[in-house]
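S.K.: What follows is the file final_2.cif, containing mmCIF, C-alpha atoms and all ligand atoms:
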data_upload
loop_
_atom_site.label_atom_id
_atom_site.label_comp_id
_atom_site.auth_asym_id
_atom_site.auth_seq_id
_atom_site.Cartn_x
_atom_site.Cartn_y
_atom_site.Cartn_z
CA MET A 216 0.00 0.00 0.00
CA ARG A 217 1.02 3.58 -0.53
CA THR A 218 -0.40 6.91 0.57
CA GLN A 219 0.89 10.44 1.04
CA VAL A 220 0.39 10.74 4.82
CA VAL A 221 -0.04 7.87 7.28
CA ILE A 222 -1.92 9.11 10.33
CA ILE A 223 -1.39 7.00 13.45
CA GLY A 224 -4.38 7.40 15.80
CA GLY A 225 -8.06 7.88 15.00
CA GLY A 226 -8.88 10.31 17.81
CA PRO A 227 -9.92 13.91 17.11
CA SER A 228 -6.39 15.03 16.07
CA GLY A 229 -5.89 12.27 13.52
CA LEU A 230 -9.36 12.56 12.01
CA LEU A 231 -9.32 16.33 11.79
CA LEU A 232 -5.97 16.21 10.02
CA ALA A 233 -7.18 13.50 7.64
CA GLN A 234 -10.27 15.47 6.64
CA LEU A 235 -8.44 18.77 6.22
CA LEU A 236 -5.83 17.06 4.01
CA HIS A 237 -8.59 15.44 1.98
CA GLY A 238 -10.02 18.91 1.30
CA ARG A 239 -6.70 19.81 -0.38
CA GLY A 240 -6.51 16.59 -2.37
CA ILE A 241 -3.85 15.05 -0.11
CA ASP A 242 -4.39 11.33 0.60
CA SER A 243 -4.04 9.74 3.99
CA ILE A 244 -4.73 6.46 5.77
CA VAL A 245 -5.76 6.54 9.45
CA LEU A 246 -4.57 3.65 11.66
CA GLU A 247 -6.47 3.21 14.94
CA ARG A 248 -5.63 0.66 17.62
CA ARG A 249 -9.15 0.38 19.04
CA THR A 250 -12.62 -0.06 17.48
CA ARG A 251 -14.54 2.97 16.29
CA ALA A 252 -17.19 2.27 18.97
CA HIS A 253 -14.51 2.37 21.64
CA VAL A 254 -13.13 5.69 20.38
CA LEU A 255 -16.68 7.11 20.42
CA SER A 256 -17.33 5.91 23.97
CA ARG A 257 -14.63 8.07 25.54
CA ILE A 258 -15.99 11.05 27.45
CA ARG A 259 -13.72 14.08 27.31
CA ALA A 260 -14.02 17.86 27.74
CA GLY A 261 -16.46 20.00 25.82
CA VAL A 262 -15.39 23.61 25.26
CA LEU A 263 -14.26 24.54 21.74
CA GLU A 264 -12.29 27.62 20.69
CA THR A 265 -13.16 29.59 17.55
CA GLY A 266 -10.02 28.32 15.80
CA LEU A 267 -11.24 24.74 16.19
CA LEU A 268 -14.75 25.66 15.01
CA ASP A 269 -13.27 27.08 11.81
CA LEU A 270 -11.18 23.94 11.29
CA LEU A 271 -14.26 21.73 11.76
CA GLU A 272 -16.13 23.75 9.14
CA GLN A 273 -13.17 23.41 6.77
CA ALA A 274 -13.17 19.67 7.41
CA ASP A 275 -16.86 19.58 6.48
CA ALA A 276 -17.72 18.44 10.01
CA GLY A 277 -19.21 21.63 11.45
CA THR A 278 -22.93 21.45 10.64
CA ARG A 279 -24.22 19.64 13.76
CA MET A 280 -21.85 21.60 16.02
CA ARG A 281 -23.35 24.86 14.68
CA GLN A 282 -26.90 23.56 15.20
CA GLU A 283 -26.55 21.84 18.56
CA GLY A 284 -23.53 23.49 20.17
CA MET A 285 -24.10 26.18 22.77
CA PRO A 286 -22.16 29.43 22.32
CA HIS A 287 -21.01 30.75 25.71
CA ASP A 288 -20.13 34.43 26.08
CA GLY A 289 -18.70 34.16 29.57
CA THR A 290 -18.05 32.02 32.63
CA LEU A 291 -18.60 32.29 36.37
CA ILE A 292 -15.74 32.10 38.86
CA THR A 293 -16.66 31.51 42.49
CA TYR A 294 -14.76 31.33 45.77
CA GLY A 295 -16.74 30.41 48.83
CA ASP A 296 -20.06 32.22 48.42
CA GLU A 297 -18.53 34.98 46.29
CA ALA A 298 -19.03 34.93 42.53
CA PHE A 299 -18.06 37.03 39.52
CA ARG A 300 -18.34 36.67 35.78
CA ILE A 301 -15.68 36.90 33.10
CA ASP A 302 -17.38 38.33 30.04
CA PHE A 303 -15.50 36.84 27.08
CA ALA A 304 -17.62 38.62 24.48
CA GLU A 305 -17.09 42.06 25.94
CA LEU A 306 -13.41 41.55 26.76
CA THR A 307 -12.34 39.82 23.53
CA GLY A 308 -15.22 40.05 21.04
CA LYS A 309 -15.23 36.23 20.98
CA SER A 310 -17.08 33.38 22.63
CA VAL A 311 -16.51 29.63 23.01
CA MET A 312 -18.73 26.76 21.91
CA VAL A 313 -19.86 24.13 24.41
CA TYR A 314 -20.05 20.88 22.43
CA GLY A 315 -18.68 17.53 23.58
CA GLN A 316 -15.42 16.19 22.21
CA THR A 317 -17.14 12.84 21.72
CA GLU A 318 -19.60 14.56 19.35
CA VAL A 319 -16.74 16.29 17.53
CA THR A 320 -15.14 12.90 16.95
CA ARG A 321 -18.46 11.41 15.81
CA ASP A 322 -18.93 14.24 13.29
CA LEU A 323 -15.38 13.80 12.00
CA TYR A 324 -15.98 10.06 11.46
CA ALA A 325 -19.22 10.88 9.60
CA ALA A 326 -17.29 13.33 7.40
CA ARG A 327 -14.63 10.68 6.77
CA ASP A 328 -17.31 8.14 5.76
CA LYS A 329 -18.75 10.66 3.31
CA THR A 330 -15.41 11.16 1.55
CA GLY A 331 -14.62 7.46 1.50
CA GLY A 332 -11.29 8.05 3.25
CA GLN A 333 -9.49 4.91 4.43
CA SER A 334 -9.40 4.18 8.18
CA GLU A 335 -8.14 0.90 9.61
CA PHE A 336 -9.25 -0.19 13.07
CA GLU A 337 -7.91 -2.70 15.59
CA VAL A 338 -4.38 -2.41 14.26
CA ASP A 339 -1.61 -3.75 16.48
CA GLU A 340 2.15 -3.39 16.73
CA VAL A 341 2.29 -0.22 14.66
CA GLN A 342 5.91 0.58 13.78
CA ILE A 343 7.44 3.49 11.92
CA GLU A 344 10.29 2.78 9.51
CA GLY A 345 12.75 5.29 8.08
CA ALA A 346 11.24 8.43 9.61
CA ASP A 347 14.68 10.04 9.14
CA SER A 348 14.74 9.17 5.41
CA ASP A 349 12.84 10.51 2.38
CA ALA A 350 10.84 7.29 2.12
CA PRO A 351 9.24 6.40 5.44
CA ALA A 352 6.78 3.54 5.92
CA VAL A 353 4.45 2.30 8.62
CA THR A 354 3.88 -1.38 9.35
CA TYR A 355 1.16 -2.93 11.50
CA LEU A 356 -0.58 -6.16 12.35
CA GLN A 357 -4.26 -6.61 11.51
CA SER A 358 -6.12 -9.88 12.03
CA GLY A 359 -2.75 -11.61 12.31
CA VAL A 360 -1.47 -10.25 8.97
CA ARG A 361 1.46 -7.79 8.86
CA LYS A 362 0.84 -4.90 6.48
CA ARG A 363 3.02 -2.06 5.22
CA ILE A 364 2.16 1.39 3.94
CA ALA A 365 4.83 3.44 2.15
CA CYS A 366 4.31 7.18 2.50
CA ASP A 367 5.83 10.66 2.32
CA PHE A 368 5.03 11.68 5.91
CA VAL A 369 3.85 10.15 9.18
CA ALA A 370 1.56 12.07 11.56
CA GLY A 371 1.76 10.74 15.12
CA CYS A 372 -1.74 11.48 16.47
CA ASP A 373 -1.83 8.48 18.80
CA GLY A 374 -2.29 10.19 22.15
CA PHE A 375 -0.17 10.16 25.28
CA HIS A 376 0.30 6.36 25.35
CA GLY A 377 0.92 5.96 21.61
CA ILE A 378 4.05 4.69 19.90
CA SER A 379 4.88 7.77 17.82
CA ARG A 380 6.59 9.80 20.52
CA LYS A 381 8.48 6.70 21.67
CA SER A 382 9.74 6.14 18.11
CA ILE A 383 11.87 9.29 18.30
CA PRO A 384 15.42 8.54 19.53
CA GLY A 385 15.76 9.58 23.17
CA ALA A 386 18.90 11.58 22.58
CA THR A 387 17.08 14.02 20.28
CA GLN A 388 14.12 14.43 22.62
CA ARG A 389 13.52 16.31 25.85
CA SER A 390 10.32 16.14 27.92
CA TYR A 391 9.01 18.42 30.63
CA GLU A 392 6.45 17.25 33.14
CA LYS A 393 4.48 18.29 36.19
CA VAL A 394 2.14 15.89 37.97
CA TYR A 395 -0.48 17.52 40.21
CA PRO A 396 -1.20 15.97 43.63
CA PHE A 397 -4.93 15.45 42.98
CA GLY A 398 -7.42 14.22 40.38
CA TRP A 399 -10.83 15.19 39.01
CA LEU A 400 -13.82 13.00 39.77
CA GLY A 401 -16.33 13.62 36.98
CA ILE A 402 -19.91 12.58 36.38
CA LEU A 403 -22.46 12.93 33.61
CA SER A 404 -26.10 13.17 34.61
CA GLU A 405 -29.32 13.67 32.70
CA THR A 406 -30.26 16.80 34.59
CA PRO A 407 -30.50 20.41 33.44
CA PRO A 408 -27.26 22.36 34.07
CA VAL A 409 -27.26 24.37 37.30
CA SER A 410 -26.43 27.56 35.41
CA ASP A 411 -26.48 28.87 31.82
CA GLU A 412 -22.71 29.21 31.93
CA LEU A 413 -19.88 27.11 33.35
CA ILE A 414 -18.97 27.63 37.01
CA TYR A 415 -15.33 27.25 38.09
CA ALA A 416 -15.44 27.04 41.88
CA ASN A 417 -12.58 27.51 44.31
CA SER A 418 -13.55 26.40 47.81
CA ASP A 419 -11.95 25.44 51.11
CA ARG A 420 -12.89 21.84 50.31
CA GLY A 421 -11.22 21.90 46.88
CA PHE A 422 -12.10 22.77 43.30
CA ALA A 423 -15.41 22.04 41.57
CA LEU A 424 -16.62 22.61 38.02
CA CYS A 425 -20.19 22.78 36.77
CA SER A 426 -20.27 22.13 33.04
CA MET A 427 -22.75 20.75 30.54
CA ARG A 428 -23.17 18.97 27.24
CA ASN A 429 -26.64 20.24 26.32
CA PRO A 430 -29.72 21.71 28.06
CA THR A 431 -30.65 18.35 29.60
CA LEU A 432 -27.21 16.83 30.17
CA SER A 433 -24.81 18.10 32.82
CA ARG A 434 -21.16 17.38 33.46
CA TYR A 435 -19.82 18.04 36.96
CA TYR A 436 -16.37 17.57 38.47
CA ILE A 437 -14.87 17.78 41.94
CA GLN A 438 -11.20 17.75 42.88
CA CYS A 439 -10.36 14.47 44.67
CA ASP A 440 -7.25 12.78 46.07
CA ALA A 441 -4.88 11.42 43.45
CA GLY A 442 -5.32 7.86 44.78
CA ASP A 443 -9.10 8.03 45.18
CA HIS A 444 -11.43 5.47 43.55
CA ILE A 445 -14.94 5.85 42.11
CA ASP A 446 -16.19 3.08 44.41
CA ASN A 447 -15.70 5.56 47.26
CA TRP A 448 -18.20 7.92 45.66
CA SER A 449 -21.90 7.11 45.61
CA ASP A 450 -24.00 9.58 43.61
CA ASP A 451 -25.30 10.99 46.89
CA ALA A 452 -21.80 11.56 48.22
CA PHE A 453 -20.84 13.29 44.98
CA TRP A 454 -23.81 15.67 44.97
CA THR A 455 -23.38 16.48 48.67
CA GLU A 456 -19.72 17.33 48.14
CA LEU A 457 -20.40 19.37 45.00
CA LYS A 458 -23.02 21.45 46.82
CA ARG A 459 -20.54 22.24 49.58
CA ARG A 460 -18.03 23.63 47.06
CA ILE A 461 -20.28 26.00 45.10
CA PRO A 462 -22.01 29.13 46.44
CA ALA A 463 -25.21 28.54 48.47
CA GLU A 464 -27.30 30.23 45.77
CA GLN A 465 -26.20 27.78 43.07
CA ALA A 466 -26.27 24.82 45.48
CA ALA A 467 -29.93 25.58 46.18
CA ASN A 468 -30.68 25.49 42.42
CA LEU A 469 -28.73 22.32 41.66
CA ILE A 470 -30.92 19.56 40.27
CA THR A 471 -29.45 16.15 41.06
CA GLY A 472 -30.16 12.75 39.56
CA PRO A 473 -28.47 9.42 38.87
CA SER A 474 -25.06 9.60 37.19
CA PHE A 475 -24.47 7.44 34.14
CA GLU A 476 -20.76 7.98 33.85
CA LYS A 477 -18.31 8.38 36.68
CA SER A 478 -14.53 8.49 36.35
CA ILE A 479 -11.39 9.90 37.92
CA ALA A 480 -8.76 11.61 35.78
CA PRO A 481 -5.27 12.50 36.97
CA LEU A 482 -3.93 16.01 36.30
CA ARG A 483 -0.69 16.42 34.44
CA SER A 484 1.25 18.99 32.43
CA PHE A 485 3.60 17.44 29.85
CA VAL A 486 5.44 18.67 26.76
CA THR A 487 7.95 16.87 24.58
CA GLU A 488 10.36 18.77 22.34
CA PRO A 489 10.83 18.80 19.42
CA MET A 490 7.49 17.71 17.96
CA GLN A 491 9.08 16.32 14.81
CA TRP A 492 11.83 13.97 13.80
CA GLY A 493 12.64 13.71 10.11
CA ARG A 494 9.31 13.01 8.44
CA LEU A 495 7.44 12.11 11.64
CA PHE A 496 5.29 14.84 13.21
CA LEU A 497 3.56 14.65 16.59
CA CYS A 498 0.11 16.22 17.08
CA GLY A 499 -2.11 16.56 20.15
CA ASP A 500 -1.81 14.36 23.23
CA ALA A 501 1.09 12.45 21.61
CA ALA A 502 3.22 15.55 22.25
CA HIS A 503 1.60 17.33 25.17
CA ILE A 504 -0.91 17.07 28.01
CA VAL A 505 -2.54 19.87 29.98
CA PRO A 506 -4.53 19.64 33.19
CA PRO A 507 -8.22 19.99 32.21
CA THR A 508 -8.82 23.34 33.96
CA GLY A 509 -9.68 25.63 31.03
CA ALA A 510 -10.34 22.77 28.57
CA LYS A 511 -7.23 23.31 26.44
CA GLY A 512 -6.49 19.64 25.57
CA LEU A 513 -8.51 19.27 22.40
CA ASN A 514 -8.05 22.92 21.45
CA THR A 515 -4.26 22.65 21.62
CA ALA A 516 -4.40 19.45 19.59
CA ALA A 517 -6.39 21.41 17.00
CA SER A 518 -3.76 24.15 16.78
CA ASP A 519 -1.08 21.50 16.09
CA VAL A 520 -3.29 20.11 13.34
CA HIS A 521 -3.63 23.61 11.90
CA TYR A 522 0.17 24.08 11.73
CA LEU A 523 0.80 20.61 10.30
CA PHE A 524 -2.02 20.90 7.78
CA SER A 525 -0.78 24.25 6.51
CA ALA A 526 2.83 22.98 6.34
CA LEU A 527 1.85 19.87 4.36
CA THR A 528 -0.36 21.96 2.07
CA ARG A 529 2.59 24.22 1.32
CA TRP A 530 4.76 21.18 0.65
CA TYR A 531 2.36 19.55 -1.80
CA GLN A 532 0.85 22.63 -3.44
CA HIS A 533 3.74 25.10 -3.46
CA ASN A 534 6.83 22.87 -3.31
CA ASP A 535 7.73 24.73 -0.13
CA ALA A 536 9.73 22.70 2.43
CA ASP A 537 10.25 25.51 4.95
CA ALA A 538 6.91 25.23 6.75
CA VAL A 539 7.40 21.48 7.22
CA ALA A 540 10.88 22.13 8.66
CA GLN A 541 9.44 24.73 11.04
CA TYR A 542 6.39 22.73 12.20
CA SER A 543 7.70 21.90 15.67
CA GLN A 544 8.87 25.43 16.38
CA ARG A 545 5.56 26.97 15.32
CA ALA A 546 3.37 24.46 17.12
CA LEU A 547 5.42 24.60 20.33
CA ALA A 548 5.26 28.39 20.56
CA ARG A 549 1.49 28.11 21.00
CA VAL A 550 1.58 24.86 23.00
CA TRP A 551 3.66 26.47 25.75
CA LYS A 552 1.19 29.34 26.06
CA ALA A 553 -1.70 26.89 26.48
CA GLU A 554 0.43 24.99 29.03
CA ARG A 555 1.02 28.21 30.93
CA PHE A 556 -2.66 29.10 31.00
CA SER A 557 -3.78 25.62 32.10
CA TRP A 558 -1.10 25.55 34.83
CA TRP A 559 -2.00 29.05 36.02
CA PHE A 560 -5.75 28.36 36.09
CA SER A 561 -5.18 25.02 37.87
CA LYS A 562 -2.98 26.68 40.51
CA LEU A 563 -5.56 29.43 40.99
CA MET A 564 -8.52 27.13 41.56
CA HIS A 565 -7.31 24.01 43.45
CA ARG A 566 -6.32 23.17 47.01
CA PHE A 567 -2.80 21.71 47.09
CA PRO A 568 -1.81 19.45 50.01
CA HIS A 569 1.30 21.57 50.67
CA HIS A 570 -0.56 24.90 50.75
CA SER A 571 0.53 27.06 53.70
CA GLY A 572 -1.54 29.87 55.20
CA PHE A 573 0.52 32.26 53.07
CA ASP A 574 -0.15 30.27 49.87
CA LEU A 575 -3.90 30.37 50.57
CA ARG A 576 -3.83 34.14 51.11
CA MET A 577 -1.89 34.54 47.83
CA GLN A 578 -4.46 32.45 45.98
CA ARG A 579 -7.31 34.48 47.38
CA ALA A 580 -5.53 37.77 46.57
CA GLU A 581 -5.03 36.60 43.00
CA ILE A 582 -8.71 35.68 42.62
CA GLU A 583 -9.75 39.04 44.07
CA PHE A 584 -7.34 40.81 41.72
CA LEU A 585 -8.94 38.96 38.81
CA ARG A 586 -12.36 39.96 40.08
CA SER A 587 -11.50 43.64 40.24
CA ASN A 588 -9.01 44.21 37.45
CA GLU A 589 -10.09 44.47 33.85
CA ALA A 590 -6.59 43.91 32.45
CA ALA A 591 -6.34 40.63 34.39
CA GLN A 592 -9.78 39.59 33.19
CA LYS A 593 -8.85 40.40 29.61
CA ALA A 594 -5.70 38.26 29.85
CA MET A 595 -7.77 35.39 31.25
CA ALA A 596 -10.51 35.79 28.63
CA GLU A 597 -8.04 35.97 25.70
CA ASN A 598 -6.49 32.71 26.79
CA TYR A 599 -9.82 31.02 27.51
CA VAL A 600 -11.35 31.81 24.10
CA GLY A 601 -8.05 30.77 22.50
CA LEU A 602 -4.92 32.62 21.41
CA PRO A 603 -4.62 33.22 17.66
CA TYR A 604 -2.88 30.69 15.41
CA GLU A 605 0.21 32.62 14.34
CA GLY A 606 2.32 32.08 11.24
N1 LIG B 1 -1.58 2.68 17.12
C1 LIG B 1 -2.72 3.22 16.63
N2 LIG B 1 -3.55 4.00 17.34
C2 LIG B 1 -3.19 4.28 18.59
C3 LIG B 1 -2.01 3.77 19.18
C4 LIG B 1 -1.19 2.94 18.39
N3 LIG B 1 -0.06 2.41 18.87
N4 LIG B 1 -1.93 4.22 20.46
C5 LIG B 1 -3.01 4.99 20.65
N5 LIG B 1 -3.79 5.03 19.55
C6 LIG B 1 -5.06 5.73 19.35
C7 LIG B 1 -5.94 5.75 20.57
O1 LIG B 1 -6.73 4.57 20.67
C8 LIG B 1 -6.78 7.00 20.34
O2 LIG B 1 -7.99 6.71 19.66
O3 LIG B 1 -4.78 7.11 19.11
C9 LIG B 1 -5.90 7.88 19.46
C10 LIG B 1 -5.45 9.13 20.19
O4 LIG B 1 -6.58 9.90 20.52
P1 LIG B 1 -6.62 10.88 21.78
O5 LIG B 1 -5.99 10.21 22.95
O6 LIG B 1 -8.01 11.34 21.90
O7 LIG B 1 -5.64 12.08 21.38
P2 LIG B 1 -5.82 13.26 20.33
O8 LIG B 1 -6.49 12.79 19.09
O9 LIG B 1 -4.49 13.93 20.23
O10 LIG B 1 -6.88 14.21 21.02
C11 LIG B 1 -6.55 15.28 21.81
O11 LIG B 1 -7.72 16.45 23.58
O12 LIG B 1 -9.07 16.91 25.40
C12 LIG B 1 -7.92 16.29 24.97
O13 LIG B 1 -6.97 14.30 25.94
C13 LIG B 1 -8.00 14.83 25.22
O14 LIG B 1 -8.31 13.11 23.61
C14 LIG B 1 -8.09 14.35 23.79
C15 LIG B 1 -7.13 15.25 23.17
C1 LIG B 2 -16.15 19.63 30.43
O1 LIG B 2 -17.28 20.03 30.13
O2 LIG B 2 -15.87 18.43 30.44
C2 LIG B 2 -15.10 20.63 30.79
C3 LIG B 2 -15.40 21.98 30.67
C4 LIG B 2 -14.45 22.92 31.02
C5 LIG B 2 -13.23 22.52 31.50
C6 LIG B 2 -12.92 21.17 31.61
C7 LIG B 2 -13.86 20.22 31.26
O3 LIG B 2 -12.33 23.45 31.89
#
Please express the file's structure as C-alpha cells.
M.R.:
Amino acid sequence: MRTQVVIIGGGPSGLLLAQLLHGRGIDSIVLERRTRAHVLSRIRAGVLETGLLDLLEQADAGTRMRQEGMPHDGTLITYGDEAFRIDFAELTGKSVMVYGQTEVTRDLYAARDKTGGQSEFEVDEVQIEGADSDAPAVTYLQSGVRKRIACDFVAGCDGFHGISRKSIPGATQRSYEKVYPFGWLGILSETPPVSDELIYANSDRGFALCSMRNPTLSRYYIQCDAGDHIDNWSDDAFWTELKRRIPAEQAANLITGPSFEKSIAPLRSFVTEPMQWGRLFLCGDAAHIVPPTGAKGLNTAASDVHYLFSALTRWYQHNDADAVAQYSQRALARVWKAERFSWWFSKLMHRFPHHSGFDLRMQRAEIEFLRSNEAAQKAMAENYVGLPYEG
C-alpha cells in the first residue's frame, strides 16, 4: 500500500488532520488501535475555541456543532459564596462553543465516511520505519497479517500512550512534566445544568466545576485525592460534596439525579520537544498534556493540526519545504502558552496538600485581583477563548 500521509491514531487530532488534508486533495490512511465504537465511547471535555470551530467547518464536520452546540459568552468564577463573571464577548469580542469532544469525533468520522477516506481499526504493533529518510513507511498487524504502507510523511496522532513519541530517539528528545497531587472526579447526569454558563469554583474543600453537554445533560467535576477510587463515591456523596463547594445560591438550584458515567482523571502537564523527527510529526496528546482546567487539551491538539495541515499543504501545493521544517517550532510556541494558562488556572482554583496559610492568602488575593481588574480579566478571557494561530 502507498499513501501520502499515514496518520497514526483515530482520535480527534488524527481525524481532523485527515479530513483537512482530503479537502486539499492530499491522501491519507488513518490507523487506529481500538474499534470505532470504543473511540466514540470516551468522554472528554467540551469547550471549543473559535479556531477549532473554523477547522471543523473546513473539514466539512461543522454542521451539527453549529446547530446543537451552545455558544457561551462568559463564565462564572466563584470562591466560597462569592461569585463574579468573566465576560469573554465584551473583553475579547469572541465566545466559546460548548459541544462535547465525543460529538466532535463522531462528526469527523461521519465526514470521513462521506469522503470514502481509508481508516483501519484494531491495528496492532504499529511501527514506523525510516522516519529520518525521504521514504518512510508504517507497518502494522491486523487480524494476524502484517501490512506495510509506504508514504511521504507520518503524523503521530496516537495520544499520550501511543508509539509515535516513543519512536523518536531519546537523545534528540527532551520532555518536561508536572504531575499535580490530585485528580478530578467527573460525572455525567441527565439533569439540566445548574447555570447557563460554566462555574469554576474555588472552595476550602477543593475545586469544583459545573459544566454541561446540552440543556438536559450536565457534566460536573470535583477535585479528589490522586489515589481516590470511584467506588468511594456514591452519587449521593458526589452531589453532597459538589453542593458544599459552590455558592449557596447555586447549590440551592442544583438539580441532582443518577449519574451514568463516573470516572477519575489524573492532572498532568507534559510537553515533549521537538514535535518532529525527520518526516514524523507529533500532534495533540502524543506531544503534550494539559490539566483539564480551562479545557485546552482538544483545542491545543487542534492548533497543532492547523500548523501541520498548513505545512503539508505548502509542501504539496507550493513545493515549499520551509513550513514542514518549522512545524515543531511553530506548534510549540502556542503549546507552551496553552500549558502556561492551564497551569496558572489550575494553581488558581485548586487546594494543594502543601498549601501554607501564606499560599492560601496569595491564591485568594489573585482571585480578588482577577475579580476587580479588567486587564487581568482580559488576559484570562483571551487565553480562555483561544490565542490566535500565528504564522
Ligand atoms: N496505534 C494506533 N492507534 C493508537 C495507538 C497505536 N499504537 N496508540 C493509541 N492510539 C489511538 C488511541 O486509541 C486513540 O484513539 O490514538 C488515538 C489518540 O486519541 P486521543 O488520545 O483522543 O488524542 P488526540 O487525538 O491527540 O486528542 C486530543 O484532547 O481533550 C484532549 O486528551 C483529550 O483526547 C483528547 C485530546
Ligand atoms: C467539560 O465540560 O468536560 C469541561 C469543561 C471545562 C473545563 C474542563 C472540562 O475546563
S.K.: Which value, in Å to one decimal, gives the distance between CA of Gly374 in chain A and CA of Ser256 in chain A?
M.R.: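 Separating CA of Gly374 in chain A from CA of Ser256 in chain A is a distance of 15.7 Å.
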S.K.: Counting all atoms listed in the file, which residue out of A:Ala594, A:Cys372, A:Leu575, A:Ala466 sits closest to ligand LIG 1 (chain B)?
M.R.: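 Of all the options, A:Cys372 lies closest to ligand LIG 1 (chain B).
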S.K.: Identify, counting all atoms listed in the file, the protein, DNA and RNA residues located within 8 Å of ligand LIG 2 (chain B), and give them as a list in words.
M.R.: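 For ligand LIG 2 (chain B), the residues inside 8 Å are Ile258, Arg259, Ala260, Gly261, Val262, Val313, Gly315, Leu413, Tyr415, Leu424, Cys425, Ser426, Met427, Arg428, Arg434, Tyr435, Pro507, Thr508, Gly509, Ala510 and Lys511 of chain A.
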S.K.: Enumerate residues in contact with ligand LIG 1 (chain B): an atom-to-atom distance of at most 8 Å, counting all atoms listed in the file. Format the result as a PyMOL selection string.
M.R.: chain A and resi 223-230+246-249+254+259-260+316+337-341+372-379+498-501+504+507+510-517
S.K.: Determine the nearest neighbour of Lys562 in chain A from the options A:Pro481, A:Met595, A:Phe422, A:Pro462, counting all atoms listed in the file.
M.R.: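 The closest residue to Lys562 in chain A is A:Phe422.
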S.K.: Suppose you want the space between CA of Leu270 in chain A and CA of Ile222 in chain A; what is it in Å?
M.R.: 17.5 Å
S.K.: Within 9 Å of (-10.9, 31.6, 30.1) in the file's own coordinates, which protein, DNA or RNA residues have an atom, counting all atoms listed in the file? List them as a PyMOL selection string.
M.R.: chain A and resi 289-290+301+303+509-510+556+560+592+594-601
S.K.: Name the closest residue to Arg380 in chain A among the candidates A:Gly284, A:Pro396, A:Gly345, A:Pro489; distances are taken between atoms, counting only C-alpha atoms.
M.R.: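 Of A:Gly284, A:Pro396, A:Gly345, A:Pro489, the one nearest Arg380 in chain A, counting only C-alpha atoms, is A:Pro489.
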